[in-house]
file coords-v2.pdb (PDB, C-alpha atoms, pLDDT in the B column)
ATOM      1  CA  MET A  64     -36.686-138.618 -81.375  1.00 44.00           C
ATOM      2  CA  THR A  65     -34.188-137.998 -78.573  1.00 52.00           C
ATOM      3  CA  SER A  66     -33.562-134.322 -77.913  1.00 64.00           C
ATOM      4  CA  GLN A  67     -30.016-133.081 -78.195  1.00 84.00           C
ATOM      5  CA  ILE A  68     -28.646-132.027 -74.810  1.00 87.00           C
ATOM      6  CA  ARG A  69     -26.531-128.892 -74.795  1.00 86.00           C
ATOM      7  CA  SER A  70     -23.468-128.900 -72.548  1.00 87.00           C
ATOM      8  CA  ASN A  71     -21.165-126.323 -74.165  1.00 91.00           C
ATOM      9  CA  PHE A  72     -22.049-122.672 -73.582  1.00 92.00           C
ATOM     10  CA  ARG A  73     -18.940-121.063 -75.028  1.00 94.00           C
ATOM     11  CA  GLY A  74     -19.903-117.978 -77.011  1.00 94.00           C
ATOM     12  CA  ALA A  75     -23.364-117.710 -75.448  1.00 95.00           C
ATOM     13  CA  ARG A  76     -24.363-114.142 -74.582  1.00 95.00           C
ATOM     14  CA  ALA A  77     -25.339-113.590 -70.948  1.00 95.00           C
ATOM     15  CA  TRP A  78     -27.273-110.599 -69.620  1.00 93.00           C
ATOM     16  CA  VAL A  79     -26.511-110.204 -65.908  1.00 94.00           C
ATOM     17  CA  ALA A  80     -29.055-107.808 -64.377  1.00 90.00           C
ATOM     18  CA  LEU A  81     -27.916-107.902 -60.746  1.00 92.00           C
ATOM     19  CA  PRO A  82     -26.803-105.487 -58.030  1.00 91.00           C
ATOM     20  CA  GLU A  83     -23.115-104.694 -58.094  1.00 91.00           C
ATOM     21  CA  ASP A  84     -21.949-106.935 -55.255  1.00 93.00           C
ATOM     22  CA  ARG A  85     -19.933-110.052 -54.487  1.00 95.00           C
ATOM     23  CA  ASN A  86     -22.571-112.327 -56.013  1.00 95.00           C
ATOM     24  CA  ARG A  87     -22.381-110.586 -59.365  1.00 95.00           C
ATOM     25  CA  GLU A  88     -18.595-110.518 -59.240  1.00 96.00           C
ATOM     26  CA  VAL A  89     -18.336-114.294 -58.724  1.00 96.00           C
ATOM     27  CA  LEU A  90     -21.026-115.007 -61.302  1.00 96.00           C
ATOM     28  CA  VAL A  91     -19.481-112.840 -64.030  1.00 96.00           C
ATOM     29  CA  ARG A  92     -15.995-114.201 -63.436  1.00 96.00           C
ATOM     30  CA  THR A  93     -17.211-117.795 -63.635  1.00 96.00           C
ATOM     31  CA  LEU A  94     -19.337-117.185 -66.724  1.00 97.00           C
ATOM     32  CA  GLU A  95     -16.365-115.662 -68.510  1.00 96.00           C
ATOM     33  CA  ARG A  96     -14.229-118.654 -67.568  1.00 96.00           C
ATOM     34  CA  LEU A  97     -16.905-120.874 -69.123  1.00 96.00           C
ATOM     35  CA  GLY A  98     -16.582-118.886 -72.343  1.00 96.00           C
ATOM     36  CA  LEU A  99     -19.753-116.796 -72.169  1.00 96.00           C
ATOM     37  CA  LEU A 100     -19.898-113.183 -73.333  1.00 96.00           C
ATOM     38  CA  VAL A 101     -21.244-111.176 -70.403  1.00 95.00           C
ATOM     39  CA  SER A 102     -23.152-107.890 -70.323  1.00 93.00           C
ATOM     40  CA  GLU A 103     -23.282-106.517 -66.780  1.00 92.00           C
ATOM     41  CA  ARG A 104     -26.279-104.389 -65.818  1.00 90.00           C
ATOM     42  CA  GLY A 105     -28.073-103.281 -62.688  1.00 85.00           C
ATOM     43  CA  PRO A 106     -31.402-104.865 -61.687  1.00 83.00           C
ATOM     44  CA  ASP A 107     -33.320-101.859 -63.071  1.00 83.00           C
ATOM     45  CA  ALA A 108     -31.645-101.829 -66.498  1.00 81.00           C
ATOM     46  CA  THR A 109     -33.991-100.957 -69.347  1.00 81.00           C
ATOM     47  CA  ASP A 110     -31.716-101.315 -72.372  1.00 82.00           C
ATOM     48  CA  PHE A 111     -32.291-105.035 -72.901  1.00 86.00           C
ATOM     49  CA  VAL A 112     -32.709-105.860 -76.610  1.00 84.00           C
ATOM     50  CA  ALA A 113     -34.640-109.002 -77.566  1.00 80.00           C
ATOM     51  CA  GLY A 114     -32.638-111.410 -79.684  1.00 83.00           C
ATOM     52  CA  MET A 115     -29.269-110.092 -78.522  1.00 90.00           C
ATOM     53  CA  HIS A 116     -28.812-112.431 -75.536  1.00 92.00           C
ATOM     54  CA  ASP A 117     -29.010-116.176 -74.902  1.00 93.00           C
ATOM     55  CA  VAL A 118     -29.484-116.287 -71.126  1.00 94.00           C
ATOM     56  CA  VAL A 119     -30.563-113.785 -68.477  1.00 92.00           C
ATOM     57  CA  PHE A 120     -29.665-113.666 -64.782  1.00 94.00           C
ATOM     58  CA  VAL A 121     -32.093-111.851 -62.473  1.00 91.00           C
ATOM     59  CA  ASP A 122     -32.409-111.274 -58.726  1.00 90.00           C
ATOM     60  CA  ALA A 123     -35.469-113.055 -57.319  1.00 88.00           C
ATOM     61  CA  ASP A 124     -35.090-111.169 -54.032  1.00 85.00           C
ATOM     62  CA  GLN A 125     -36.327-108.146 -55.973  1.00 82.00           C
ATOM     63  CA  ASP A 126     -39.342-107.960 -58.227  1.00 76.00           C
ATOM     64  CA  PHE A 127     -38.301-108.631 -61.800  1.00 76.00           C
ATOM     65  CA  MET A 128     -39.978-108.936 -65.163  1.00 71.00           C
ATOM     66  CA  LEU A 129     -39.534-111.532 -67.882  1.00 72.00           C
ATOM     67  CA  LEU A 130     -37.356-109.689 -70.389  1.00 77.00           C
ATOM     68  CA  ASP A 131     -37.896-112.062 -73.306  1.00 74.00           C
ATOM     69  CA  SER A 132     -39.873-115.310 -73.282  1.00 73.00           C
ATOM     70  CA  ASP A 133     -37.516-116.752 -75.905  1.00 84.00           C
ATOM     71  CA  VAL A 134     -34.533-116.460 -73.547  1.00 89.00           C
ATOM     72  CA  PRO A 135     -33.986-118.723 -70.510  1.00 92.00           C
ATOM     73  CA  HIS A 136     -33.905-116.886 -67.190  1.00 92.00           C
ATOM     74  CA  ILE A 137     -31.830-117.942 -64.173  1.00 94.00           C
ATOM     75  CA  ALA A 138     -33.006-116.465 -60.864  1.00 92.00           C
ATOM     76  CA  LEU A 139     -30.721-115.809 -57.911  1.00 93.00           C
ATOM     77  CA  ILE A 140     -32.384-116.539 -54.567  1.00 92.00           C
ATOM     78  CA  GLY A 141     -31.097-115.423 -51.190  1.00 89.00           C
ATOM     79  CA  MET A 142     -34.076-116.420 -49.071  1.00 85.00           C
ATOM     80  CA  GLU A 143     -36.330-119.436 -49.609  1.00 84.00           C
ATOM     81  CA  ALA A 144     -39.480-117.522 -48.748  1.00 83.00           C
ATOM     82  CA  PRO A 145     -42.676-118.754 -50.450  1.00 86.00           C
ATOM     83  CA  SER A 146     -43.352-115.306 -51.909  1.00 82.00           C
ATOM     84  CA  ARG A 147     -39.961-115.172 -53.608  1.00 83.00           C
ATOM     85  CA  LEU A 148     -40.176-118.741 -54.845  1.00 86.00           C
ATOM     86  CA  ALA A 149     -43.639-117.948 -56.195  1.00 84.00           C
ATOM     87  CA  ARG A 150     -42.115-115.016 -58.085  1.00 83.00           C
ATOM     88  CA  VAL A 151     -39.636-117.401 -59.721  1.00 82.00           C
ATOM     89  CA  VAL A 152     -42.410-119.800 -60.700  1.00 85.00           C
ATOM     90  CA  ARG A 153     -44.698-117.025 -61.925  1.00 83.00           C
ATOM     91  CA  HIS A 154     -42.006-115.672 -64.241  1.00 80.00           C
ATOM     92  CA  ARG A 155     -41.113-119.180 -65.433  1.00 83.00           C
ATOM     93  CA  ALA A 156     -37.404-118.991 -64.577  1.00 87.00           C
ATOM     94  CA  ALA A 157     -35.716-122.018 -66.111  1.00 89.00           C
ATOM     95  CA  SER A 158     -33.202-122.479 -63.288  1.00 91.00           C
ATOM     96  CA  VAL A 159     -32.053-120.967 -59.986  1.00 92.00           C
ATOM     97  CA  LEU A 160     -28.833-120.118 -58.144  1.00 94.00           C
ATOM     98  CA  MET A 161     -28.649-119.782 -54.386  1.00 93.00           C
ATOM     99  CA  LYS A 162     -26.882-116.867 -52.735  1.00 93.00           C
ATOM    100  CA  PRO A 163     -24.118-116.438 -51.834  1.00 95.00           C
ATOM    101  CA  VAL A 164     -23.080-117.356 -55.367  1.00 94.00           C
ATOM    102  CA  ARG A 165     -20.145-119.723 -55.666  1.00 93.00           C
ATOM    103  CA  ALA A 166     -18.303-120.950 -58.726  1.00 93.00           C
ATOM    104  CA  THR A 167     -19.663-124.433 -58.126  1.00 92.00           C
ATOM    105  CA  GLY A 168     -23.262-124.691 -59.269  1.00 93.00           C
ATOM    106  CA  ILE A 169     -23.148-122.077 -62.022  1.00 96.00           C
ATOM    107  CA  PHE A 170     -22.460-124.600 -64.775  1.00 96.00           C
ATOM    108  CA  THR A 171     -25.307-126.771 -63.451  1.00 95.00           C
ATOM    109  CA  ALA A 172     -27.670-123.777 -63.502  1.00 94.00           C
ATOM    110  CA  LEU A 173     -26.676-123.016 -67.096  1.00 95.00           C
ATOM    111  CA  PHE A 174     -27.039-126.651 -68.114  1.00 95.00           C
ATOM    112  CA  LEU A 175     -30.535-126.934 -66.635  1.00 93.00           C
ATOM    113  CA  ALA A 176     -31.677-123.529 -67.891  1.00 92.00           C
ATOM    114  CA  PHE A 177     -30.636-123.970 -71.521  1.00 92.00           C
ATOM    115  CA  ASN A 178     -31.953-127.505 -71.832  1.00 92.00           C
ATOM    116  CA  GLU A 179     -35.180-126.939 -69.901  1.00 87.00           C
ATOM    117  CA  HIS A 180     -35.926-123.857 -71.995  1.00 85.00           C
ATOM    118  CA  SER A 181     -35.204-125.777 -75.198  1.00 80.00           C
ATOM    119  CA  ILE A 182     -37.685-128.473 -74.163  1.00 82.00           C
ATOM    120  CA  ARG A 183     -40.309-125.822 -73.365  1.00 76.00           C
ATOM    121  CA  GLN A 184     -39.854-124.221 -76.784  1.00 73.00           C
ATOM    122  CA  ARG A 185     -40.200-127.546 -78.592  1.00 76.00           C
ATOM    123  CA  GLU A 186     -43.330-128.382 -76.602  1.00 73.00           C
ATOM    124  CA  LEU A 187     -44.776-124.971 -77.459  1.00 70.00           C
ATOM    125  CA  MET A 188     -44.133-125.531 -81.175  1.00 73.00           C
ATOM    126  CA  ASP A 189     -45.730-128.987 -80.931  1.00 70.00           C
ATOM    127  CA  ARG A 190     -48.841-127.508 -79.300  1.00 71.00           C
ATOM    128  CA  GLU A 191     -49.065-124.797 -81.960  1.00 72.00           C
ATOM    129  CA  THR A 192     -48.755-127.423 -84.704  1.00 70.00           C
ATOM    130  CA  LEU A 193     -51.517-129.523 -83.144  1.00 72.00           C
ATOM    131  CA  SER A 194     -53.690-126.422 -82.784  1.00 72.00           C
ATOM    132  CA  ARG A 195     -53.221-125.526 -86.463  1.00 69.00           C
ATOM    133  CA  ARG A 196     -54.089-129.079 -87.469  1.00 70.00           C
ATOM    134  CA  ALA A 197     -57.231-128.996 -85.331  1.00 68.00           C
ATOM    135  CA  GLU A 198     -58.264-125.681 -86.874  1.00 72.00           C
ATOM    136  CA  GLY A 199     -57.630-127.135 -90.334  1.00 70.00           C
ATOM    137  CA  ARG A 200     -59.809-130.160 -89.602  1.00 80.00           C
ATOM    138  CA  ARG A 201     -62.637-127.954 -88.369  1.00 81.00           C
ATOM    139  CA  ALA A 202     -62.403-125.882 -91.554  1.00 80.00           C
ATOM    140  CA  VAL A 203     -62.575-129.056 -93.680  1.00 83.00           C
ATOM    141  CA  VAL A 204     -65.699-130.248 -91.848  1.00 84.00           C
ATOM    142  CA  LYS A 205     -67.392-126.864 -92.260  1.00 84.00           C
ATOM    143  CA  ALA A 206     -66.469-126.752 -95.951  1.00 84.00           C
ATOM    144  CA  ILE A 207     -67.851-130.254 -96.506  1.00 85.00           C
ATOM    145  CA  LEU A 208     -71.150-129.251 -94.905  1.00 84.00           C
ATOM    146  CA  LYS A 209     -71.292-126.140 -97.113  1.00 82.00           C
ATOM    147  CA  ILE A 210     -70.683-128.127-100.295  1.00 84.00           C
ATOM    148  CA  MET A 211     -73.258-130.737 -99.261  1.00 84.00           C
ATOM    149  CA  LYS A 212     -75.837-127.972 -98.832  1.00 83.00           C
ATOM    150  CA  ASP A 213     -74.895-125.916-101.911  1.00 83.00           C
ATOM    151  CA  ASP A 214     -74.464-128.850-104.326  1.00 85.00           C
ATOM    152  CA  ASP A 215     -76.896-131.306-102.733  1.00 86.00           C
ATOM    153  CA  VAL A 216     -74.347-134.111-102.543  1.00 86.00           C
ATOM    154  CA  SER A 217     -73.247-136.647 -99.946  1.00 88.00           C
ATOM    155  CA  ASP A 218     -70.388-136.025 -97.544  1.00 83.00           C
ATOM    156  CA  ASP A 219     -68.178-138.452 -99.492  1.00 86.00           C
ATOM    157  CA  GLU A 220     -68.860-136.628-102.741  1.00 84.00           C
ATOM    158  CA  ALA A 221     -68.278-133.250-101.109  1.00 85.00           C
ATOM    159  CA  TYR A 222     -64.924-134.412 -99.797  1.00 84.00           C
ATOM    160  CA  ARG A 223     -64.005-135.879-103.199  1.00 86.00           C
ATOM    161  CA  LYS A 224     -64.755-132.561-104.880  1.00 85.00           C
ATOM    162  CA  MET A 225     -62.618-130.731-102.365  1.00 84.00           C
ATOM    163  CA  ARG A 226     -59.760-133.166-102.780  1.00 86.00           C
ATOM    164  CA  VAL A 227     -59.810-132.927-106.586  1.00 88.00           C
ATOM    165  CA  ALA A 228     -60.081-129.139-106.494  1.00 84.00           C
ATOM    166  CA  SER A 229     -57.263-128.721-103.954  1.00 86.00           C
ATOM    167  CA  MET A 230     -54.997-130.965-106.016  1.00 86.00           C
ATOM    168  CA  ALA A 231     -55.781-128.911-109.116  1.00 86.00           C
ATOM    169  CA  LYS A 232     -54.777-125.754-107.264  1.00 83.00           C
ATOM    170  CA  ARG A 233     -51.759-127.492-105.703  1.00 85.00           C
ATOM    171  CA  ILE A 234     -52.703-126.527-102.175  1.00 86.00           C
ATOM    172  CA  SER A 235     -53.644-128.588 -99.144  1.00 85.00           C
ATOM    173  CA  ILE A 236     -57.249-129.542 -98.591  1.00 80.00           C
ATOM    174  CA  GLU A 237     -57.188-127.491 -95.377  1.00 82.00           C
ATOM    175  CA  GLU A 238     -56.109-124.397 -97.325  1.00 82.00           C
ATOM    176  CA  PHE A 239     -58.796-125.011 -99.909  1.00 82.00           C
ATOM    177  CA  ALA A 240     -61.394-125.423 -97.165  1.00 84.00           C
ATOM    178  CA  ALA A 241     -60.370-122.041 -95.748  1.00 82.00           C
ATOM    179  CA  GLU A 242     -60.804-120.484 -99.197  1.00 83.00           C
ATOM    180  CA  ILE A 243     -64.274-121.965 -99.491  1.00 81.00           C
ATOM    181  CA  LEU A 244     -65.326-120.577 -96.145  1.00 81.00           C
ATOM    182  CA  ALA A 245     -63.901-117.167 -96.962  1.00 82.00           C
ATOM    183  CA  ALA A 246     -65.445-116.955-100.429  1.00 78.00           C
ATOM    184  CA  SER A 247     -68.953-115.781-101.218  1.00 46.00           C
ATOM    185  CA  THR A 248     -69.157-117.656-104.555  1.00 45.00           C
ATOM    186  CA  SER A 249     -69.768-121.342-105.129  1.00 47.00           C
ATOM    187  CA  PRO A 250     -66.906-123.431-103.686  1.00 41.00           C
ATOM    188  CA  MET A 251     -66.549-125.390-106.883  1.00 47.00           C
ATOM    189  CA  ARG A 252     -66.015-122.181-108.842  1.00 48.00           C
ATOM    190  CA  LEU A 253     -62.916-121.677-106.721  1.00 45.00           C
ATOM    191  CA  ALA A 254     -61.581-124.859-108.254  1.00 48.00           C
ATOM    192  CA  GLY A 255     -61.788-123.379-111.721  1.00 47.00           C
ATOM    193  CA  THR A 256     -64.874-125.325-112.807  1.00 46.00           C
ATOM    194  CA  ALA A 257     -67.060-122.322-113.507  1.00 44.00           C
ATOM    195  CA  ALA A 258     -66.130-122.238-117.192  1.00 43.00           C
ATOM    196  CA  HIS A 259     -66.907-125.926-117.536  1.00 41.00           C
ATOM    197  CA  GLU A 260     -70.312-125.412-115.912  1.00 44.00           C
ATOM    198  CA  ARG A 261     -71.130-122.615-118.322  1.00 45.00           C
ATOM    199  CA  LYS A 262     -70.296-124.846-121.303  1.00 45.00           C
ATOM    200  CA  THR A 263     -72.483-127.695-120.103  1.00 44.00           C
ATOM    201  CA  LYS A 264     -75.432-125.335-119.643  1.00 47.00           C
ATOM    202  CA  GLN A 265     -75.271-123.989-123.224  1.00 50.00           C
ATOM    203  CA  PRO A 266     -78.137-125.238-125.505  1.00 47.00           C
TER     204      PRO A 266
END
call {"tool": "encode", "arguments": {"input": "coords-v2.pdb", "output": "structure tokens"}}
result
Amino acid sequence: MTSQIRSNFRGARAWVALPEDRNREVLVRTLERLGLLVSERGPDATDFVAGMHDVVFVDADQDFMLLDSDVPHIALIGMEAPSRLARVVRHRAASVLMKPVRATGIFTALFLAFNEHSIRQRELMDRETLSRRAEGRRAVVKAILKIMKDDDVSDDEAYRKMRVASMAKRISIEEFAAEILAASTSPMRLAGTAAHERKTKQP
């Protein structure tokens, strides 16, 4: 599915943590013309609140910290020294602006930062989903082996029992497998078959 590209930043909340100089003046003025809501701070500001801003501007010529991994960062660079570029890479800035800051280029930096960060977030969610699925599969395999050992059945029969039991409980087979592994009783008792077993054992 094609990702939606964002090109309108009106109403976005910008945190500008830069020294009070000509660069900040030009940046703030241009951001406001683009419709962003700007909070001006110095580079050492400590009152940043996660979830209250949509983009952060930092000075890569000074050491800076990633304020919130869920917010795209745009780094201002005055000197293309390897150490400063490495700082930008290390803190995963989504875009850069060269000093001296000019009105031209700010929209491009915003465009790249918002969309690059959005792609990163989607990729992170995809990796987390794949990881959860892998964990679920491992739990199913372990649960099958446990049922095979406890009930002396084949792998196909163990899986069938799990499938029937998970459907009866209206949960996924992965969730049921996790219950089996966490429980100390027979896995089939988790499926509500204990009463039936007691009846069949009566003389």
call {"tool": "residues_around", "arguments": {"input": "coords-v2.pdb", "residues": "Arg69 of chain A", "least_positions_apart": "4", "cutoff": "8 Å", "atoms": "all atoms listed in the file", "output": "ChimeraX atom specification"}}
result
/A:174,177-178
call {"tool": "resolve_selection", "arguments": {"input": "coords-v2.pdb", "expression": "the PyMOL selection byres ((chain A and resi 73-83) around 7)", "output": "list in words"}}
result
Asn71, Phe72, Asp84, Arg87, Leu97, Gly98, Leu99, Leu100, Val101, Ser102, Glu103, Arg104, Gly105, Pro106, Ala108, His116, Asp117, Val118, Val119, Phe120, Val121 and Asp122 of chain A
call {"tool": "residues_around", "arguments": {"input": "coords-v2.pdb", "residues": "segment 210-227 of chain A", "least_positions_apart": "3", "cutoff": "7 Å", "atoms": "only C-alpha atoms", "output": "ChimeraX atom specification"}}
result
/A:206-207,230-231,236,250
call {"tool": "write_last_selection", "arguments": {"input": "coords-v2.pdb", "atoms": "C-alpha atoms", "output": "compact mmCIF listing (two decimals), in the coordinates of the input"}}
result
# COMPACT_ATOMS: atom_id res chain seq x y z
CA ALA A 206 -66.47 -126.75 -95.95
CA ILE A 207 -67.85 -130.25 -96.51
CA MET A 230 -55.00 -130.96 -106.02
CA ALA A 231 -55.78 -128.91 -109.12
CA ILE A 236 -57.25 -129.54 -98.59
CA PRO A 250 -66.91 -123.43 -103.69
call {"tool": "closest_residue", "arguments": {"input": "coords-v2.pdb", "among": "A:Ser235, A:Phe170, A:Ala123, A:Asp189", "to": "Ala149 of chain A", "atoms": "all atoms listed in the file"}}
result
A:Ala123
call {"tool": "closest_residue", "arguments": {"input": "coords-v2.pdb", "among": "A:Glu179, A:Val151, A:Arg196, A:Asp126", "to": "Ala138 of chain A", "atoms": "all atoms listed in the file"}}
result
A:Val151
call {"tool": "closest_residue", "arguments": {"input": "coords-v2.pdb", "among": "A:Ala157, A:Met142, A:Ala202, A:Val112", "to": "Arg183 of chain A", "atoms": "all atoms listed in the file"}}
result
A:Ala157
call {"tool": "closest_residue", "arguments": {"input": "coords-v2.pdb", "among": "A:Gly114, A:Ile243, A:Leu173, A:Ile234", "to": "Val203 of chain A", "atoms": "only C-alpha atoms"}}
result
A:Ile243
call {"tool": "closest_residue", "arguments": {"input": "coords-v2.pdb", "among": "A:Ser229, A:Met161, A:Arg85, A:Val152", "to": "His136 of chain A", "atoms": "only C-alpha atoms"}}
result
A:Val152
call {"tool": "resolve_selection", "arguments": {"input": "coords-v2.pdb", "expression": "the PyMOL selection byres ((chain A and resi 169) around 8)", "output": "VMD selection string"}}
result
chain A and resid 90 93 to 94 160 165 to 168 170 to 173
call {"tool": "atom_distance", "arguments": {"input": "coords-v2.pdb", "atom1": "atom CA of Val204 of chain A", "atom2": "atom CA of Ala245 of chain A"}}
result
14.2 Å
call {"tool": "atom_distance", "arguments": {"input": "coords-v2.pdb", "atom1": "atom CA of Asp124 of chain A", "atom2": "atom CA of Asp110 of chain A"}}
result
21.1 Å
call {"tool": "atom_distance", "arguments": {"input": "coords-v2.pdb", "atom1": "atom CA of Leu244 of chain A", "atom2": "atom CA of Glu198 of chain A"}}
result
12.7 Å
call {"tool": "build_atoms", "arguments": {"input": "coords-v2.pdb", "residues": "segment 170-191 of chain A", "atoms": "N, CA, C and O atoms", "output": "short mmCIF file (atom, residue, chain, number, x, y, z; two decimals), in the frame of the given file"}}
result
data_model
loop_
_atom_site.label_atom_id
_atom_site.label_comp_id
_atom_site.auth_asym_id
_atom_site.auth_seq_id
_atom_site.Cartn_x
_atom_site.Cartn_y
_atom_site.Cartn_z
N PHE A 170 -22.35 -123.78 -63.56
CA PHE A 170 -22.46 -124.60 -64.78
C PHE A 170 -23.75 -125.42 -64.75
O PHE A 170 -24.44 -125.55 -65.76
N THR A 171 -24.07 -125.98 -63.57
CA THR A 171 -25.31 -126.77 -63.45
C THR A 171 -26.53 -125.91 -63.75
O THR A 171 -27.45 -126.35 -64.46
N ALA A 172 -26.54 -124.67 -63.24
CA ALA A 172 -27.67 -123.78 -63.50
C ALA A 172 -27.80 -123.48 -64.99
O ALA A 172 -28.90 -123.46 -65.55
N LEU A 173 -26.66 -123.24 -65.65
CA LEU A 173 -26.68 -123.02 -67.10
C LEU A 173 -27.19 -124.24 -67.84
O LEU A 173 -28.02 -124.14 -68.75
N PHE A 174 -26.67 -125.39 -67.46
CA PHE A 174 -27.04 -126.65 -68.11
C PHE A 174 -28.55 -126.87 -68.03
O PHE A 174 -29.21 -127.18 -69.03
N LEU A 175 -29.10 -126.72 -66.82
CA LEU A 175 -30.54 -126.93 -66.64
C LEU A 175 -31.35 -125.87 -67.35
O LEU A 175 -32.37 -126.18 -67.98
N ALA A 176 -30.91 -124.61 -67.29
CA ALA A 176 -31.68 -123.53 -67.89
C ALA A 176 -31.76 -123.66 -69.40
O ALA A 176 -32.85 -123.57 -69.99
N PHE A 177 -30.64 -123.87 -70.06
CA PHE A 177 -30.64 -123.97 -71.52
C PHE A 177 -31.46 -125.16 -72.00
O PHE A 177 -32.24 -125.05 -72.94
N ASN A 178 -31.27 -126.30 -71.36
CA ASN A 178 -31.95 -127.50 -71.83
C ASN A 178 -33.43 -127.54 -71.46
O ASN A 178 -34.26 -127.99 -72.25
N GLU A 179 -33.77 -127.03 -70.28
CA GLU A 179 -35.18 -126.94 -69.90
C GLU A 179 -35.91 -125.97 -70.82
O GLU A 179 -37.02 -126.26 -71.28
N HIS A 180 -35.30 -124.84 -71.12
CA HIS A 180 -35.93 -123.86 -72.00
C HIS A 180 -36.10 -124.42 -73.41
O HIS A 180 -37.13 -124.19 -74.05
N SER A 181 -35.11 -125.17 -73.87
CA SER A 181 -35.20 -125.78 -75.20
C SER A 181 -36.38 -126.75 -75.27
O SER A 181 -37.12 -126.78 -76.26
N ILE A 182 -36.56 -127.53 -74.21
CA ILE A 182 -37.68 -128.47 -74.16
C ILE A 182 -39.01 -127.71 -74.17
O ILE A 182 -39.96 -128.09 -74.87
N ARG A 183 -39.09 -126.63 -73.40
CA ARG A 183 -40.31 -125.82 -73.36
C ARG A 183 -40.64 -125.27 -74.75
O ARG A 183 -41.80 -125.28 -75.17
N GLN A 184 -39.63 -124.80 -75.46
CA GLN A 184 -39.85 -124.22 -76.78
C GLN A 184 -40.34 -125.27 -77.77
O GLN A 184 -41.23 -125.01 -78.58
N ARG A 185 -39.75 -126.47 -77.70
CA ARG A 185 -40.20 -127.55 -78.59
C ARG A 185 -41.64 -127.96 -78.28
O ARG A 185 -42.44 -128.21 -79.18
N GLU A 186 -41.96 -128.02 -76.99
CA GLU A 186 -43.33 -128.38 -76.60
C GLU A 186 -44.32 -127.32 -77.06
O GLU A 186 -45.43 -127.65 -77.49
N LEU A 187 -43.91 -126.05 -76.99
CA LEU A 187 -44.78 -124.97 -77.46
C LEU A 187 -45.02 -125.09 -78.96
O LEU A 187 -46.16 -124.94 -79.43
N MET A 188 -43.97 -125.37 -79.73
CA MET A 188 -44.13 -125.53 -81.18
C MET A 188 -45.02 -126.72 -81.50
O MET A 188 -45.84 -126.67 -82.42
N ASP A 189 -44.88 -127.81 -80.72
CA ASP A 189 -45.73 -128.99 -80.93
C ASP A 189 -47.20 -128.65 -80.67
O ASP A 189 -48.08 -129.06 -81.43
N ARG A 190 -47.45 -127.89 -79.60
CA ARG A 190 -48.84 -127.51 -79.30
C ARG A 190 -49.41 -126.61 -80.39
O ARG A 190 -50.58 -126.75 -80.77
N GLU A 191 -48.60 -125.69 -80.89
CA GLU A 191 -49.06 -124.80 -81.96
C GLU A 191 -49.36 -125.58 -83.23
O GLU A 191 -50.33 -125.29 -83.94
#
